[in-house]
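Report on the following structure.
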Amino acid sequence: MKPYLMRSCLVKPCLVKKWIAGVTLMQSVAAVALEDVPVAYLIVAKSHQVPVDILYAIAMTESGTHYRGERVPWPWALNIDGQSVFCASQQDAIHRVFQAIRNQQSVDIGLMQVNWRWHGQRFVTFEESLVPIKNLSAGATILYEQFEQTNDWWEAVGRYHDPGQDAESLDSAQRYRERVRQYWREWF
């Protein structure tokens, strides 16, 4: 299969198809809405070939909280055994993650609520999982991997939360997809 030349770089046809799918999805996104998205999301989305609007909507769903009168994704958000915790600082979050891992508790970490048990290998240390850009990158990678399985960004969103294919997982993925869509509609 011959690669195609696109913007001075070689791109395989399958990547062109995925890029077109992302651009098509984002055509309805208002440029004004994208101006409000922090630049880190734009950088990570571009480098991982995921739609920035969906990446941001997932972060809002996963770690959104109210801060100074606005709802924002929170970098020190944790979910420990099903209990949401919004730490005031990175150091507090590191301490709580350490305790959760030591106690063999389930812990979702950071902006994208990356689960340590299933995705800890994506980080060099657990402290790294609380570096916002690294957490965003891990979340974007997970989202892209799910997109590769489905070729549909909204299906990938559901699988980001629950990639299982049994009836319970499919139902869980659908409910999650709708929560993300809700934030997506509000923002974009």
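Starting from 1 in every chain, residues are counted up; chains themselves are A, B, ... following the order of the structure tokens, and ligands are numbered from 1 as listed.
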All residues 7 Å or closer to range 139-150 of chain A, only C-alpha atoms, same chain fewer than 5 positions away omitted, as a PyMOL selection string: chain A and resi 45+48+50+55+112+114+155-157+159-160
Give me a file of those residues, with N, CA and C atoms, as a compact mmCIF listing (two decimals), in the first residue's frame.
```txt
# COMPACT_ATOMS: atom_id res chain seq x y z
N ALA A 45 -4.66 16.53 21.75
CA ALA A 45 -5.59 16.00 20.75
C ALA A 45 -4.92 15.89 19.39
N HIS A 48 -2.26 13.10 19.31
CA HIS A 48 -2.79 11.73 19.41
C HIS A 48 -3.90 11.46 18.39
N VAL A 50 -6.93 12.70 18.00
CA VAL A 50 -8.28 12.56 18.53
C VAL A 50 -8.98 13.92 18.46
N LEU A 55 -12.25 14.94 23.50
CA LEU A 55 -11.28 14.79 24.59
C LEU A 55 -11.66 15.70 25.76
N MET A 112 -8.33 12.73 33.23
CA MET A 112 -9.00 11.72 32.41
C MET A 112 -9.39 10.49 33.21
N VAL A 114 -7.74 8.05 34.66
CA VAL A 114 -7.08 6.85 34.15
C VAL A 114 -6.96 5.86 35.31
N GLU A 155 -18.66 5.69 19.59
CA GLU A 155 -18.50 4.32 20.12
C GLU A 155 -17.22 4.24 20.95
N ALA A 156 -16.17 4.90 20.48
CA ALA A 156 -14.90 4.92 21.21
C ALA A 156 -15.07 5.57 22.58
N VAL A 157 -15.91 6.61 22.66
CA VAL A 157 -16.17 7.27 23.93
C VAL A 157 -16.75 6.27 24.93
N ARG A 159 -16.52 3.03 24.89
CA ARG A 159 -15.52 2.02 25.19
C ARG A 159 -14.38 2.57 26.04
N TYR A 160 -14.17 3.88 26.01
CA TYR A 160 -13.18 4.51 26.90
C TYR A 160 -13.54 4.18 28.35
```
9 Å contact set for range 174-177 of chain A, only C-alpha atoms, chain neighbours under 3 positions out, as a VMD selection string: chain A and resid 61 154 to 159 161 to 162 169 to 171 180 to 182
Leaving out Ile133 in chain A and any residue of its chain fewer than 4 positions from it, which residues lie within 9 Å of it when counting only C-alpha atoms, given as an mmCIF file with N, CA and C atoms, in the first residue's frame?
```cif
data_model
loop_
_atom_site.group_PDB
_atom_site.id
_atom_site.type_symbol
_atom_site.label_atom_id
_atom_site.label_comp_id
_atom_site.auth_asym_id
_atom_site.auth_seq_id
_atom_site.Cartn_x
_atom_site.Cartn_y
_atom_site.Cartn_z
ATOM 1 N N ALA A 40 -3.508 22.907 26.281
ATOM 2 C CA ALA A 40 -2.972 21.548 26.472
ATOM 3 C C ALA A 40 -3.856 20.506 25.786
ATOM 4 N N TYR A 41 -5.164 20.708 25.806
ATOM 5 C CA TYR A 41 -6.078 19.770 25.153
ATOM 6 C C TYR A 41 -5.891 19.803 23.641
ATOM 7 N N VAL A 44 -2.504 17.964 22.878
ATOM 8 C CA VAL A 44 -2.610 16.512 23.070
ATOM 9 C C VAL A 44 -3.523 15.893 22.018
ATOM 10 N N SER A 137 -2.467 12.751 27.885
ATOM 11 C CA SER A 137 -1.892 11.910 26.827
ATOM 12 C C SER A 137 -2.310 10.453 26.978
ATOM 13 N N ALA A 138 -2.299 9.959 28.202
ATOM 14 C CA ALA A 138 -2.730 8.569 28.426
ATOM 15 C C ALA A 138 -4.206 8.417 28.059
#
```
Nearest to Pro163 in chain A, chosen from A:Trp118, A:Tyr56, A:Pro73, A:Arg68, with only C-alpha atoms counted in the distances: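 That would be A:Trp118, the residue with the smallest distance to Pro163 in chain A.
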Shell of 12 Å around Arg96 in chain A, only C-alpha atoms, local chain residues under 2 positions omitted, as a ChimeraX atom specification: /A:76-80,84-94,98-103,105-110,126-127,130
Could you write those residues out with C-alpha atoms, as a CSV table (one decimal), in the first residue's frame?
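New file again-v1.csv:
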```csv
chain,number,residue,atom,x,y,z
A,76,TRP,CA,-6.1,16.4,41.1
A,77,ALA,CA,-9.4,14.5,40.9
A,78,LEU,CA,-9.4,10.9,42.1
A,79,ASN,CA,-12.0,8.2,42.4
A,80,ILE,CA,-11.0,5.7,45.1
A,84,SER,CA,-14.9,10.9,44.1
A,85,VAL,CA,-12.1,12.9,45.8
A,86,PHE,CA,-11.1,16.4,44.6
A,87,CYS,CA,-7.7,17.1,46.1
A,88,ALA,CA,-6.6,20.7,46.7
A,89,SER,CA,-3.1,20.0,45.4
A,90,GLN,CA,-0.9,17.6,43.5
A,91,GLN,CA,0.9,16.6,46.6
A,92,ASP,CA,-2.4,15.7,48.4
A,93,ALA,CA,-3.4,13.7,45.3
A,94,ILE,CA,0.0,11.9,45.2
A,98,PHE,CA,-0.1,6.1,47.2
A,99,GLN,CA,-2.4,5.1,50.0
A,100,ALA,CA,-5.0,3.6,47.6
A,101,ILE,CA,-2.4,1.6,45.7
A,102,ARG,CA,-0.8,0.4,49.0
A,103,ASN,CA,-4.3,-0.7,50.2
A,105,GLN,CA,-8.0,-0.1,46.2
A,106,SER,CA,-9.3,0.8,42.7
A,107,VAL,CA,-8.1,4.3,41.8
A,108,ASP,CA,-8.9,6.5,38.8
A,109,ILE,CA,-6.5,9.4,38.5
A,110,GLY,CA,-6.4,12.9,37.2
A,126,PHE,CA,2.1,6.8,39.8
A,127,GLU,CA,3.3,10.3,40.4
A,130,LEU,CA,-0.8,13.2,38.2
```
Strand (DSSP E) residues, from DSSP on the backbone, in range 4-161 of chain A, as a count of residues only: 27
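Distances to Ser63 in chain A were evaluated for A:Val97, A:Ile43, A:Ala173, A:Leu111 using only C-alpha atoms, and the minimum falls at A:Leu111.
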Picked from range 10-174 of chain A by DSSP as helix (DSSP H, G or I), as an MDAnalysis selection string: chainID A and resid 13:26 31:35 39:48 52:63 90:102 116:122 127:130 132:150 153:161 167:174
Minimum-distance residue to Val39 in chain A, chosen among A:Ser129, A:Asp166, A:Tyr183, A:Leu136 (using only C-alpha atoms):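 Result for the nearest residue to Val39 in chain A: A:Leu136.
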